[in-house]
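The file coords30.cif contains mmCIF, C-alpha atoms:
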```
data_my_file
#
loop_
_atom_site.label_atom_id
_atom_site.label_comp_id
_atom_site.auth_asym_id
_atom_site.auth_seq_id
_atom_site.Cartn_x
_atom_site.Cartn_y
_atom_site.Cartn_z
CA MET T 1 98.37 24.76 66.32
CA ARG T 2 94.95 26.26 65.63
CA ARG T 3 94.09 23.31 63.41
CA ARG T 4 95.13 20.87 66.12
CA PHE T 5 93.05 22.73 68.69
CA SER T 6 90.06 22.81 66.37
CA PHE T 7 90.47 19.11 65.70
CA LEU T 8 90.59 18.27 69.43
CA ALA T 9 87.59 20.51 70.09
CA ALA T 10 85.62 18.70 67.40
CA ILE T 11 86.50 15.33 68.91
CA LEU T 12 85.41 16.50 72.36
CA LEU T 13 82.12 17.79 70.98
CA CYS T 14 81.49 14.47 69.26
CA LEU T 15 82.30 12.55 72.42
CA THR T 16 80.01 14.81 74.43
CA ALA T 17 77.19 14.25 71.96
CA VAL T 18 77.70 10.49 72.06
CA LEU T 19 77.82 10.40 75.84
CA ALA T 20 74.74 12.59 76.02
CA GLY T 21 72.89 10.25 73.71
CA CYS T 22 73.98 7.11 75.53
CA GLY T 23 74.17 8.56 79.01
CA THR T 24 71.88 8.24 81.96
CA LYS T 25 68.49 9.89 82.11
CA ASP T 26 67.16 12.25 84.71
CA ALA T 27 64.30 11.44 87.08
CA GLU T 28 61.64 13.14 84.96
CA SER T 29 62.56 11.15 81.85
CA VAL T 30 62.59 7.87 83.73
CA VAL T 31 59.23 8.58 85.34
CA LYS T 32 57.69 9.27 81.92
CA ASP T 33 59.14 6.04 80.57
CA LEU T 34 57.81 4.10 83.58
CA ASP T 35 54.33 5.50 82.98
CA LYS T 36 54.46 4.30 79.37
CA THR T 37 55.84 0.90 80.41
CA LEU T 38 53.05 0.41 82.92
CA SER T 39 50.37 1.42 80.41
CA SER T 40 51.62 -1.09 77.82
CA LEU T 41 52.30 -3.91 80.29
CA ASP T 42 50.95 -7.24 79.00
CA SER T 43 52.71 -9.85 81.13
CA TYR T 44 55.78 -10.60 83.18
CA THR T 45 57.41 -13.28 85.31
CA GLY T 46 59.86 -12.81 88.12
CA LYS T 47 61.75 -14.93 90.62
CA GLY T 48 63.78 -13.88 93.61
CA VAL T 49 64.29 -14.01 97.34
CA MET T 50 62.30 -12.05 99.90
CA THR T 51 63.83 -11.56 103.33
CA LEU T 52 61.81 -10.48 106.35
CA TYR T 53 63.55 -8.78 109.27
CA THR T 54 60.45 -8.48 111.46
CA GLY T 55 61.37 -11.35 113.82
CA GLN T 56 64.33 -12.33 115.94
CA GLN T 57 65.99 -13.99 112.94
CA PRO T 58 65.69 -13.03 109.26
CA LEU T 59 63.37 -15.29 107.30
CA GLU T 60 63.94 -16.00 103.62
CA TYR T 61 61.28 -16.97 101.10
CA GLN T 62 61.52 -17.82 97.43
CA VAL T 63 59.13 -15.61 95.47
CA ASP T 64 57.72 -16.65 92.11
CA VAL T 65 55.48 -14.04 90.45
CA SER T 66 53.47 -14.27 87.21
CA TYR T 67 51.15 -11.65 85.70
CA GLN T 68 48.99 -11.74 82.58
CA LYS T 69 46.85 -8.85 81.37
CA PRO T 70 44.20 -7.88 82.33
CA GLN T 71 43.97 -9.26 85.90
CA TYR T 72 45.60 -12.67 86.22
CA TYR T 73 48.12 -13.05 89.02
CA ARG T 74 49.99 -15.94 90.57
CA ILE T 75 52.34 -15.51 93.53
CA ALA T 76 54.06 -18.46 95.20
CA LEU T 77 55.89 -17.95 98.49
CA THR T 78 58.12 -20.86 99.48
CA ASN T 79 60.24 -21.45 102.56
CA ALA T 80 62.59 -24.18 101.37
CA LYS T 81 63.86 -25.09 104.85
CA LYS T 82 60.38 -25.80 106.14
CA ASP T 83 58.97 -27.06 102.83
CA ILE T 84 56.16 -24.49 103.01
CA THR T 85 54.44 -23.09 99.93
CA GLN T 86 51.47 -20.76 99.78
CA ILE T 87 50.01 -19.53 96.51
CA VAL T 88 47.85 -16.51 95.79
CA LEU T 89 45.85 -16.55 92.57
CA ARG T 90 43.63 -14.08 90.83
CA ASN T 91 41.61 -15.38 87.90
CA ASP T 92 38.13 -15.02 86.44
CA GLU T 93 36.58 -16.71 89.48
CA GLY T 94 38.07 -14.42 92.11
CA VAL T 95 41.06 -14.27 94.42
CA PHE T 96 42.28 -17.52 95.98
CA VAL T 97 44.75 -18.32 98.74
CA LEU T 98 45.98 -21.90 98.37
CA THR T 99 47.89 -24.05 100.84
CA PRO T 100 48.53 -27.24 98.86
CA ARG T 101 50.20 -29.02 101.76
CA LEU T 102 47.02 -28.72 103.82
CA ASN T 103 44.70 -29.18 100.83
CA LYS T 104 43.10 -25.87 101.71
CA VAL T 105 41.60 -23.15 99.51
CA PHE T 106 40.14 -19.80 100.52
CA ARG T 107 38.28 -17.69 98.01
CA PHE T 108 37.88 -13.92 98.33
CA GLN T 109 35.76 -11.48 96.40
CA SER T 110 38.04 -8.45 96.49
CA ASP T 111 39.97 -5.97 94.40
CA TRP T 112 43.31 -7.47 95.36
CA PRO T 113 45.96 -6.48 94.53
CA ALA T 114 44.61 -3.06 93.50
CA ASN T 115 43.64 -2.30 97.10
CA GLN T 116 46.73 -3.89 98.68
CA GLY T 117 50.21 -3.08 97.48
CA GLN T 118 52.70 -5.94 97.22
CA VAL T 119 56.45 -5.43 97.34
CA TYR T 120 57.07 -8.10 94.68
CA LEU T 121 54.51 -6.82 92.14
CA TYR T 122 55.80 -4.55 89.38
CA GLN T 123 52.58 -2.52 89.28
CA THR T 124 52.85 -1.69 92.97
CA LEU T 125 56.47 -0.57 92.68
CA VAL T 126 55.94 1.64 89.64
CA GLN T 127 52.77 3.19 91.03
CA SER T 128 54.59 4.15 94.22
CA ILE T 129 57.17 5.98 92.08
CA LEU T 130 54.59 7.73 89.92
CA LEU T 131 52.45 8.88 92.86
CA ASP T 132 55.21 10.27 95.07
CA ASN T 133 55.98 13.78 93.90
CA SER T 134 58.66 14.06 96.57
CA ARG T 135 60.51 11.04 95.20
CA GLN T 136 64.27 10.94 95.46
CA PHE T 137 66.34 9.80 92.50
CA ALA T 138 69.86 8.40 92.21
CA ILE T 139 72.02 6.31 89.91
CA ASP T 140 73.78 3.17 91.10
CA ASN T 141 75.95 1.59 88.38
CA ASP T 142 73.51 -0.02 85.95
CA ALA T 143 70.39 0.86 87.93
CA TYR T 144 68.14 3.81 88.57
CA VAL T 145 67.25 4.08 92.26
CA PHE T 146 64.07 5.67 93.58
CA ASP T 147 63.45 6.43 97.24
CA VAL T 148 59.70 6.85 97.73
CA MET T 149 56.97 6.51 100.33
CA ALA T 150 55.81 2.99 101.11
CA ASN T 151 52.10 2.25 100.90
CA TYR T 152 51.47 -1.15 102.43
CA GLN T 153 49.04 -2.65 104.93
CA ASN T 154 51.73 -2.61 107.59
CA GLY T 155 51.70 0.99 108.75
CA SER T 156 55.17 0.68 110.29
CA LEU T 157 56.67 0.47 106.78
CA ALA T 158 57.49 4.08 105.93
CA ARG T 159 59.73 4.21 102.85
CA GLN T 160 61.18 2.00 100.17
CA LYS T 161 64.11 2.05 97.78
CA ILE T 162 63.58 0.54 94.34
CA TRP T 163 66.42 -0.42 92.00
CA LEU T 164 65.43 -0.61 88.30
CA ASN T 165 67.56 -1.80 85.39
CA LYS T 166 68.62 1.06 83.14
CA SER T 167 68.04 -1.04 80.05
CA ASP T 168 64.40 -2.09 80.49
CA TYR T 169 63.26 -0.79 83.92
CA ALA T 170 62.91 -4.30 85.33
CA PRO T 171 63.24 -4.40 89.14
CA ASN T 172 66.56 -5.52 90.60
CA LYS T 173 66.01 -5.00 94.28
CA VAL T 174 63.58 -3.46 96.77
CA GLU T 175 64.21 -2.46 100.37
CA VAL T 176 61.34 -1.37 102.61
CA SER T 177 62.23 0.47 105.82
CA ASP T 178 60.49 1.66 108.94
CA ALA T 179 60.44 5.22 110.28
CA ASN T 180 63.91 4.66 111.78
CA ASN T 181 65.37 3.66 108.38
CA ALA T 182 65.76 0.05 109.51
CA VAL T 183 65.19 -2.34 106.61
CA MET T 184 62.22 -4.58 107.44
CA VAL T 185 61.64 -6.29 104.07
CA SER T 186 63.91 -6.80 101.09
CA VAL T 187 63.34 -8.49 97.74
CA LYS T 188 66.18 -9.37 95.36
CA PHE T 189 65.08 -10.52 91.93
CA ASP T 190 67.21 -13.19 90.29
CA THR T 191 65.24 -12.99 87.04
CA PHE T 192 62.53 -10.68 85.72
CA LYS T 193 61.15 -10.92 82.22
CA PHE T 194 58.56 -8.81 80.40
CA GLY T 195 56.32 -10.25 77.69
CA SER T 196 56.33 -13.80 79.05
CA LYS T 197 54.00 -16.21 77.27
CA LEU T 198 51.84 -17.75 79.98
CA GLU T 199 49.33 -20.55 79.62
CA LYS T 200 45.95 -20.08 81.27
CA SER T 201 46.65 -23.14 83.41
CA VAL T 202 49.25 -21.10 85.30
CA PHE T 203 46.36 -19.30 86.98
CA ASP T 204 44.06 -22.31 87.37
CA THR T 205 43.12 -23.16 90.96
CA GLN T 206 42.96 -26.94 90.58
CA LYS T 207 46.22 -27.08 88.64
CA ASN T 208 48.01 -25.17 91.36
CA MET T 209 46.57 -27.43 94.04
CA GLY T 210 47.79 -30.46 92.13
CA THR T 211 44.28 -31.88 92.37
CA PRO T 212 43.28 -34.49 89.75
CA ALA T 213 40.40 -33.55 87.51
CA ALA T 214 38.38 -36.57 88.61
CA GLY T 215 38.67 -38.82 91.63
CA GLY T 216 40.93 -38.39 94.61
CA ASP T 217 40.54 -35.88 97.39
CA GLN T 218 39.24 -32.48 96.37
CA PRO T 219 40.55 -29.40 98.16
CA THR T 220 38.34 -27.86 100.82
CA MET T 221 36.90 -24.60 99.58
CA ALA T 222 35.79 -21.46 101.40
CA TYR T 223 34.17 -18.27 100.16
CA PRO T 224 34.90 -15.64 102.81
CA ASP T 225 33.70 -12.55 100.98
CA ASN T 226 30.94 -13.96 98.83
CA GLY T 227 27.71 -13.88 100.80
CA SER T 228 25.72 -15.13 97.80
CA ASN T 229 27.37 -18.53 97.76
CA ALA T 230 25.33 -21.47 98.87
CA ASP T 231 27.85 -22.45 101.48
CA ASN T 232 27.33 -19.10 103.20
CA SER T 233 23.56 -19.33 103.23
CA ASN T 234 21.41 -19.59 106.35
CA ASN T 235 19.00 -22.25 105.12
CA GLY T 236 20.96 -25.21 106.45
CA ASN T 237 21.29 -26.96 103.13
CA ALA T 238 24.10 -29.45 103.16
CA ASN T 239 27.02 -28.85 100.81
CA ALA T 240 25.17 -26.75 98.27
CA SER T 241 28.34 -26.20 96.27
CA SER T 242 30.41 -28.96 94.76
CA ASP T 243 33.49 -26.82 95.36
CA ASN T 244 32.80 -26.85 99.07
CA ALA T 245 34.01 -30.31 99.93
CA SER T 246 32.80 -31.77 103.19
CA ALA T 247 35.23 -31.30 106.01
CA SER T 248 36.77 -33.99 108.11
CA PRO T 249 34.81 -34.44 111.36
CA ASP T 250 38.06 -34.58 113.25
CA ASN T 251 38.65 -30.94 112.46
CA ASN T 252 35.33 -29.45 113.46
CA ALA T 253 35.44 -27.32 116.55
CA SER T 254 33.07 -27.55 119.45
CA THR T 255 29.49 -26.35 119.45
CA ASN T 256 29.93 -24.23 122.56
CA GLY T 257 30.32 -20.91 120.79
CA ASN T 258 34.07 -20.53 121.01
CA ALA T 259 35.63 -18.05 118.64
CA ASP T 260 37.10 -19.84 115.62
CA ASN T 261 35.13 -23.01 116.27
CA ALA T 262 33.51 -24.80 113.37
CA SER T 263 31.06 -27.58 112.77
CA THR T 264 30.19 -29.49 109.64
CA ASN T 265 26.80 -30.63 110.83
CA GLY T 266 23.63 -28.61 110.73
CA ASN T 267 22.85 -25.72 113.01
CA ALA T 268 25.95 -25.77 115.16
CA ASP T 269 26.30 -22.00 115.25
CA THR T 270 23.34 -19.65 115.29
CA ASN T 271 25.06 -16.60 116.75
CA GLY T 272 26.83 -15.66 113.54
CA ASN T 273 30.35 -15.89 114.88
CA ALA T 274 32.58 -14.32 112.30
CA ASP T 275 35.13 -17.06 112.51
CA ASN T 276 32.73 -19.93 113.24
CA ALA T 277 31.92 -21.86 110.09
CA ALA T 278 29.58 -24.64 109.13
CA THR T 279 30.04 -26.26 105.78
CA ASN T 280 26.65 -27.94 105.98
CA GLY T 281 24.63 -25.29 107.77
CA ASN T 282 24.74 -21.79 109.12
CA ALA T 283 28.18 -20.68 107.94
CA ASP T 284 27.59 -17.01 108.66
CA ASN T 285 24.36 -16.25 110.40
CA GLY T 286 24.31 -12.81 111.74
CA ASN T 287 26.29 -10.26 113.59
CA GLY T 288 29.86 -11.18 112.65
CA THR T 289 31.24 -11.45 116.17
CA ASN T 290 33.98 -13.91 116.90
CA ASP T 291 32.58 -15.08 120.18
CA ALA T 292 29.07 -16.28 120.80
CA SER T 293 28.99 -14.77 124.27
CA GLY T 294 30.82 -11.56 123.38
CA ASN T 295 33.37 -12.41 126.02
CA ASN T 296 36.97 -13.46 125.78
CA PRO T 297 37.00 -16.63 123.66
CA ASP T 298 39.08 -18.54 126.13
CA ASP T 299 36.28 -18.16 128.68
CA ASN T 300 34.09 -20.31 126.47
CA ALA T 301 36.27 -23.38 126.32
CA SER T 302 33.80 -25.78 127.85
CA THR T 303 32.52 -28.81 126.01
CA GLY T 304 28.99 -28.64 127.29
CA ALA T 305 25.90 -26.87 125.95
CA ASN T 306 26.39 -23.97 123.59
CA ASN T 307 25.50 -20.38 124.37
CA ASN T 308 22.09 -20.69 122.80
CA GLY T 309 20.99 -22.92 125.65
CA ASN T 310 20.65 -25.88 123.31
CA SER T 311 22.50 -29.11 123.76
CA ALA T 312 25.10 -30.15 121.22
CA ASP T 313 22.90 -33.08 120.31
CA ASP T 314 20.11 -30.71 119.28
CA ASN T 315 22.36 -28.66 117.01
CA ALA T 316 24.87 -31.09 115.57
CA ALA T 317 25.86 -34.66 115.28
CA ASP T 318 28.09 -36.22 117.89
CA ASP T 319 30.96 -33.74 118.17
CA SER T 320 32.68 -35.31 121.12
CA ASP T 321 35.93 -35.37 119.17
CA ASP T 322 35.50 -31.78 118.03
CA ALA T 323 35.49 -29.95 121.35
CA MET T 324 38.16 -27.65 122.63
CA ALA T 325 39.28 -29.15 125.91
CA PRO T 326 42.42 -29.52 128.01
CA ALA T 327 44.89 -31.98 126.54
CA GLY T 328 45.39 -35.35 128.10
CA GLY T 329 42.98 -37.39 126.06
CA GLY T 330 41.73 -37.74 122.52
CA ASP T 331 44.32 -37.10 119.85
CA ALA T 332 46.69 -35.04 121.95
CA ASP T 333 49.81 -37.11 122.40
CA GLY T 334 51.96 -34.46 124.02
CA THR T 335 54.16 -34.11 120.94
CA PHE T 336 52.79 -30.76 119.76
CA THR T 337 55.26 -27.92 120.27
CA GLY T 338 53.88 -24.44 119.89
CA MET T 339 55.57 -21.24 118.74
CA ASP T 340 56.07 -18.14 120.86
CA PRO T 341 55.47 -14.63 119.53
CA ALA T 342 58.57 -12.47 119.85
CA TYR T 343 56.54 -9.26 119.88
CA PHE T 344 54.27 -7.98 122.64
CA PRO T 345 52.40 -4.68 122.50
CA ASP T 346 53.37 -2.24 125.23
CA GLY T 347 51.77 -3.12 128.53
CA VAL T 348 50.89 -6.69 127.51
CA SER T 349 52.17 -9.88 129.13
CA GLU T 350 51.32 -13.56 128.99
CA LYS T 351 48.54 -14.48 131.40
CA ASP T 352 48.57 -18.26 131.08
CA ASN T 353 48.80 -21.10 128.58
CA GLN T 354 47.59 -24.66 128.42
CA SER T 355 47.63 -27.65 126.11
CA ILE T 356 44.27 -28.32 124.52
CA VAL T 357 42.49 -30.55 122.06
CA PHE T 358 40.92 -28.27 119.46
CA GLY T 359 38.83 -29.77 116.70
CA GLY T 360 40.10 -33.19 117.70
CA ASN T 361 43.70 -32.07 117.23
CA PRO T 362 46.45 -31.30 119.75
CA GLY T 363 47.23 -27.67 120.32
CA ILE T 364 47.87 -24.90 122.80
CA MET T 365 45.95 -21.84 123.97
CA ILE T 366 47.84 -18.80 125.27
CA ARG T 367 46.09 -15.83 126.84
CA TYR T 368 47.58 -12.34 127.04
CA SER T 369 46.35 -9.44 129.12
CA GLY T 370 47.19 -5.85 129.93
CA THR T 371 46.74 -2.88 127.64
CA TYR T 372 45.08 -5.31 125.22
CA ASP T 373 43.54 -8.71 125.87
CA TYR T 374 43.86 -11.42 123.26
CA THR T 375 44.13 -15.17 122.85
CA LEU T 376 46.45 -17.15 120.58
CA ILE T 377 45.39 -20.69 119.65
CA GLU T 378 47.78 -22.99 117.77
CA THR T 379 46.81 -26.38 116.37
CA GLN T 380 48.09 -28.92 113.88
CA PRO T 381 45.06 -30.13 111.92
CA LYS T 382 45.29 -33.57 110.35
CA ASP T 383 43.08 -32.39 107.51
CA VAL T 384 41.91 -28.82 107.50
CA ALA T 385 38.21 -28.09 107.81
CA VAL T 386 36.66 -25.26 105.87
CA SER T 387 36.16 -21.91 107.61
CA ALA T 388 33.45 -20.46 105.40
CA THR T 389 33.46 -17.00 106.92
CA LYS T 390 33.41 -13.44 105.76
CA GLY T 391 36.76 -11.76 106.08
CA GLU T 392 39.57 -9.70 104.59
CA LEU T 393 42.77 -10.93 102.97
CA LYS T 394 45.77 -9.71 104.98
CA ASP T 395 49.37 -9.82 103.82
CA LEU T 396 51.59 -10.95 106.70
CA GLY T 397 54.71 -10.91 104.55
CA PHE T 398 55.56 -14.59 104.90
CA THR T 399 52.00 -15.77 104.29
CA TYR T 400 48.43 -14.51 103.93
CA GLY T 401 45.85 -14.43 106.68
CA LEU T 402 42.10 -14.09 107.03
CA LEU T 403 40.84 -11.28 109.27
CA SER T 404 37.25 -11.84 110.29
CA GLY T 405 35.14 -9.85 112.66
CA GLY T 406 32.70 -7.05 113.02
CA GLU T 407 32.46 -3.47 114.11
CA GLU T 408 34.62 -1.45 116.45
CA ASP T 409 33.58 -3.10 119.71
CA GLU T 410 33.27 -6.64 118.42
CA GLN T 411 35.86 -9.37 118.54
CA ARG T 412 38.00 -10.06 115.52
CA THR T 413 40.09 -13.09 114.61
CA LEU T 414 43.18 -13.30 112.43
CA THR T 415 43.73 -16.83 111.09
CA TRP T 416 46.75 -18.09 109.16
CA THR T 417 48.75 -21.25 108.54
CA TYR T 418 52.49 -21.76 108.71
CA GLY T 419 54.48 -24.96 108.56
CA GLY T 420 51.41 -27.18 108.94
CA THR T 421 50.23 -25.28 112.03
CA GLU T 422 47.08 -23.19 112.07
CA PHE T 423 47.12 -20.03 114.19
CA ARG T 424 44.28 -17.85 115.49
CA ILE T 425 44.55 -14.54 117.32
CA THR T 426 41.23 -13.39 118.77
CA SER T 427 40.64 -10.08 120.54
CA ALA T 428 38.02 -7.43 121.13
CA ASN T 429 40.46 -4.54 121.55
CA LEU T 430 43.78 -5.43 119.88
CA PRO T 431 44.24 -3.03 116.90
CA GLU T 432 44.69 -4.60 113.49
CA GLU T 433 48.23 -3.25 113.11
CA GLU T 434 49.24 -4.74 116.46
CA MET T 435 47.53 -8.02 115.61
CA ILE T 436 49.56 -8.29 112.40
CA LYS T 437 52.79 -7.48 114.26
CA VAL T 438 52.10 -10.26 116.76
CA ALA T 439 51.32 -12.69 113.93
CA GLN T 440 54.51 -11.80 112.08
CA SER T 441 56.56 -12.44 115.21
CA VAL T 442 55.25 -15.99 115.81
CA GLN T 443 58.31 -17.69 114.41
CA GLY T 444 60.38 -19.24 117.20
CA GLU T 445 59.72 -22.61 118.76
CA MET T 446 58.21 -22.35 122.21
CA SER T 447 60.65 -22.95 125.04
CA LYS T 448 59.84 -25.89 127.27
#
```
As structure tokens, what does this structure read like?
Amino acid sequence: MRRRFSFLAAILLCLTAVLAGCGTKDAESVVKDLDKTLSSLDSYTGKGVMTLYTGQQPLEYQVDVSYQKPQYYRIALTNAKKDITQIVLRNDEGVFVLTPRLNKVFRFQSDWPANQGQVYLYQTLVQSILLDNSRQFAIDNDAYVFDVMANYQNGSLARQKIWLNKSDYAPNKVEVSDANNAVMVSVKFDTFKFGSKLEKSVFDTQKNMGTPAAGGDQPTMAYPDNGSNADNSNNGNANASSDNASASPDNNASTNGNADNASTNGNADTNGNADNAATNGNADNGNGTNDASGNNPDDNASTGANNNGNSADDNAADDSDDAMAPAGGGDADGTFTGMDPAYFPDGVSEKDNQSIVFGGNPGIMIRYSGTYDYTLIETQPKDVAVSATKGELKDLGFTYGLLSGGEEDEQRTLTWTYGGTEFRITSANLPEEEMIKVAQSVQGEMSK
């Protein structure tokens, strides 16, 4: 009997040792392993589905992520239903936001993504685990689960849960929640592979735009954060950079000083509007305000002389097709259908809206008033003109936007594209967080 007991005890000890060796790790061990994995990270590729719950209906986007040491990134966000793809690149030349469908390229001089966490980037996820000393740890079948603080541009995102494979610490799933524990963003990875062999062309701007090396239309280029570029200079030289292709005259906004208006001819803007660009002249000439008059941009919607007291003929070529004016003539054919924001800040309501022709294209202008005053302009450009302005790259979740503007009391404009439509929110007092919330909620077709 004693021998049998000793034999069973030995078997149990062996099984315990085996299970201990093959069993799950504790939080401290996993965190140490993650630190080592991040330090030795050379490359990875991942594909999955990101779902946003910030609007009335969930929106799904295919996410395709590539990373190559030391600082090459490529992120493609695609909405298959709407045939929308936007690509973010980081390469030796800077950070680029590409919209191939509109043949549009924005270039930023920034530390992205180091200064902006991204829910689909492995570095961001692991760093959030390493930095949160109050992290919560659990085990879910074949995954380690961390519940940590969220650190994203959207301040309403409070916490996130991260599922990592036990075998190699690759991400399975991420859920980001607000302060009420409601999931606002989720990412489910279908595939994720470390050590992927990536060609340099994966991160090449022209390759991603599908632009031929010679001949054909070149993408319009903008350099929002690079004041040293020729296209941002104040000397009025025409098209000093070959990358800065001349914009279509049908897409140049009026010369009256409206926020977000642009001109491709000469000295169309001498007030330095932060969102007023000139690809052949004064792209950014001064104080960084979004409105030449300093007033609400919709109050400057005339097509007459600009706010400098000079006629349009003195400052630019014939821009009769480029003015912002009520619809009913020009290219507006009444077929443009705008999109309504589903979110309104407390104390804000719609003041009025009207159909307009903006940059020679049909569109709408909606004004909101109350606690905050702001204007939303929506247009469908036939061929997008360059907005060579200084600004910050903002992650809206479903796309990336350009936030341009000045100091605390100056107007700012958030510009983004979605489904072939270009949107602009301009305000002197709407906080950035509220501006992003409004932008994220512009998803539903406007009721007629």
*Close residues, stretch 191-193 of chain T itself excluded, 7 Å, all atoms listed in the file, min 4 positions apart in chain, as a PyMOL selection string*: chain T and resi 44-48+170
*Within 10 Å of stretch 200-202 of chain T, counting only C-alpha atoms, which residues qualify if same-chain residues fewer than 4 places away don't, as a ChimeraX atom specification?*
/T:66-68,72-74,89,91,206-208
*Check what the PyMOL selection byres ((chain T and resi 24-33) around 10) selects in the file above and give those residues as a VMD selection string.*
chain T and resid 19 to 23 34 to 39 126 129 to 130 135 to 139 142 to 146 166 168 to 169
Which residues fall under the PyMOL selection byres ((chain T and resi 414) around 6) in this file, as a PDB file with C-alpha atoms, in the coordinates of the input?
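result.pdb written:
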```
ATOM      1  CA  LEU T 402      42.100 -14.090 107.030  1.00  0.00           C
ATOM      2  CA  LEU T 403      40.840 -11.280 109.270  1.00  0.00           C
ATOM      3  CA  THR T 413      40.090 -13.090 114.610  1.00  0.00           C
ATOM      4  CA  THR T 415      43.730 -16.830 111.090  1.00  0.00           C
ATOM      5  CA  ARG T 424      44.280 -17.850 115.490  1.00  0.00           C
ATOM      6  CA  ILE T 425      44.550 -14.540 117.320  1.00  0.00           C
TER       7      ILE T 425
END
```
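The closest residue to T:Thr51, picked from T:Trp163, T:Tyr372, T:Tyr418, T:Tyr120 and counting all atoms listed in the file, is T:Tyr120.
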